[in-house]
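First the structure, in the form of structure tokens, and then the observations on it.
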Amino acid sequence: MIYNKSGTGILILAMLLVGIALIPAASAQEEKDYSVNVEKAFEHANAHMIHFIATNTPGFENWTEASIDPKPLELYDPTGQKLYYQFSVYKNSSLIGRIDIGADKKMGHSVQLVELDSKPFDATEAMKKSIEIAKNEYPDGKIKSTQMVAYDYPAIGAMTIVKDKTTGDEHRIFVDVYTLEVIPDEPATETEPGIWSIYEQRLKNGIDKNLKNWQESDNLTKSIEQAATNKGVNINVAVTEDNIKKLSGDTTIVADTVQKDLSVTIYLQNTYYYCQPATAQMLTKYYNGVKPSQDSIYQMMGGVAPNGVTNDQALIYYKSSSGMNKPNSYKSTDVTFDKAVSEINNYRPFKSGTATHARVCRGYKQTDSEQYLRIGDPYYTSLGMAYWELIGSETNRIYVKS
């Protein structure tokens, strides 16, 4: 009897140990399940486009009768992580915008960026150029991969990884998609463009929170699809003005949406390192009604070509009586949505900064927990427009105070 009890106990213990051993495997499997497939991403892109149009979101006035190409460009992070599905939006065969859907649920709400008045580019040509340069610089190397990446968000380009057959070292070659210029593989700084990870920046918001936010985006997508179906609207094809009128009156689609957009004129930066002067130029025009040259602003900020300027340098111009004359302006890492709402509601657009780039924040939009900023981007080769950006990409701001 004792032997049998011991054997049974050993058997039970063994089963428990096997069960415990399986727990990490199950968790590991769950972690692999955070990716978003292209079909799901397309659903989100269509549903959210309907939502932006139906809620009269600024910038979408011309988007009725538009349709989304179901075959997106896949964008990666410099770390190799799949980042976005970039869907192109066409109207009368002309490109009018792009919608970036997160390819990983850990990034948060699905719609990460919506471009308006997008400029065409040739991704194939950029990748070809990147491979060509890699072969020239490392003739004995082996090309491992070539992908389109957001190398210095929101700037995108091609990244080729080549492995030295002798040393085993790997090298990355970056080529901007618009200029086809080589981008040095160097870390970004406050005054110098470079390579950095928007994916890692997004994860700083908290993975658990981001996963919850993605689920909320999915719930919104499903509710919009259902509301459209109930009214006989197919959201997978170009949506007519009549259909938008039907959907605009549906409380499921338009409920709990608040938004505001200020009239800040966008000026493109004159050189690649003039984003701070161009941003200050936009804000000076808004607050003071005058448009000083970017060269004069750069000089007042103490800029030394070909380098950008820091927030501390920029503040010299903001505060100076011969500059913007806003002496109580200050820099801040308080980049919360509530703070942005407070500033915009008080008619105070501000400088919004990523790790390397200065832009203007001129508005906001919120539906439930989905929070977007209306960004006026001066970057002259790519965006150079006012787009909608999911909260969470910024690292710093300059608030304008009299």
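Within each chain, counting starts at residue 1; across the structure tokens, chains are named A, B, ... in the order shown, with ligands numbered 1 upward in that order.
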TODO: For range 167-183 of chain A, work out the shell of residues within 9 Å, counting only C-alpha atoms and skipping chain neighbours fewer than 5 positions away, then give it as a ChimeraX atom specification.
DONE: /A:120-123,125-127,129-131,133-134,138,141,144,148-149,151,155-162,193-195,381-382
- [ ] List every residue of range 218-327 of chain A that DSSP, applied to the backbone of this structure, assigns to helix (DSSP H, G or I), and report them as JSON, numbers by chain.
- [x] {"A": [218, 219, 220, 221, 222, 223, 224, 225, 226, 227, 228, 229, 230, 241, 242, 243, 244, 245, 246, 247, 248, 251, 252, 253, 254, 275, 276, 277, 278, 279, 280, 281, 282, 283, 284, 285, 286, 287, 288, 294, 295, 296, 297, 298, 299, 300, 311, 312, 313, 314, 315, 316, 317, 318, 319]}
TODO: Select, from A:Glu225, A:Glu389, A:Met301, A:Asn210, the residue with the minimum atom-to-atom distance to Asp100 in chain A, counting only C-alpha atoms.
DONE: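 Going through A:Glu225, A:Glu389, A:Met301, A:Asn210 one by one, the smallest distance to Asp100 in chain A is for A:Glu389.
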Open item on the list: Between CA of Glu43 in chain A and CA of Asn230 in chain A, what distance in Å does the model show, to one decimal?
Closed with: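 A separation of 16.8 Å between them.
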TODO: Counting only C-alpha atoms, figure out which residue out of A:Val309, A:Gly376, A:Lys260, A:Lys285 gets nearest to Ser342 in chain A.
DONE: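 When distances to Ser342 in chain A are compared using only C-alpha atoms, the smallest one comes from A:Lys260.
Distance-wise, CA of Asn325 in chain A and CA of Gly353 in chain A end up 20.9 Å apart.
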Which residues in range 245-314 of chain A does DSSP call strand (DSSP E)? List them as an mmCIF file with N, CA and C atoms, in the first residue's frame.
```cif
data_model
loop_
_atom_site.group_PDB
_atom_site.id
_atom_site.type_symbol
_atom_site.label_atom_id
_atom_site.label_comp_id
_atom_site.auth_asym_id
_atom_site.auth_seq_id
_atom_site.Cartn_x
_atom_site.Cartn_y
_atom_site.Cartn_z
ATOM 1 N N THR A 257 -17.319 62.160 -29.415
ATOM 2 C CA THR A 257 -16.196 62.707 -30.179
ATOM 3 C C THR A 257 -16.098 64.205 -29.940
ATOM 4 N N VAL A 258 -14.912 64.654 -29.527
ATOM 5 C CA VAL A 258 -14.642 66.082 -29.357
ATOM 6 C C VAL A 258 -13.389 66.409 -30.149
ATOM 7 N N GLN A 259 -13.366 67.594 -30.762
ATOM 8 C CA GLN A 259 -12.214 67.956 -31.579
ATOM 9 C C GLN A 259 -12.127 69.463 -31.749
ATOM 10 N N LYS A 260 -10.917 69.918 -32.065
ATOM 11 C CA LYS A 260 -10.698 71.340 -32.296
ATOM 12 C C LYS A 260 -9.439 71.490 -33.144
ATOM 13 N N ASP A 261 -9.485 72.401 -34.107
ATOM 14 C CA ASP A 261 -8.338 72.627 -34.984
ATOM 15 C C ASP A 261 -8.178 74.128 -35.186
#
```
Task: Nearest-residue call for Ala228 in chain A, choices A:Ala305, A:Met324, A:Leu75, A:Ala54, using only C-alpha atoms - done: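 Result for the nearest residue to Ala228 in chain A: A:Ala54.
The space between CA of Arg98 in chain A and CA of Gln86 in chain A spans 6.5 Å.
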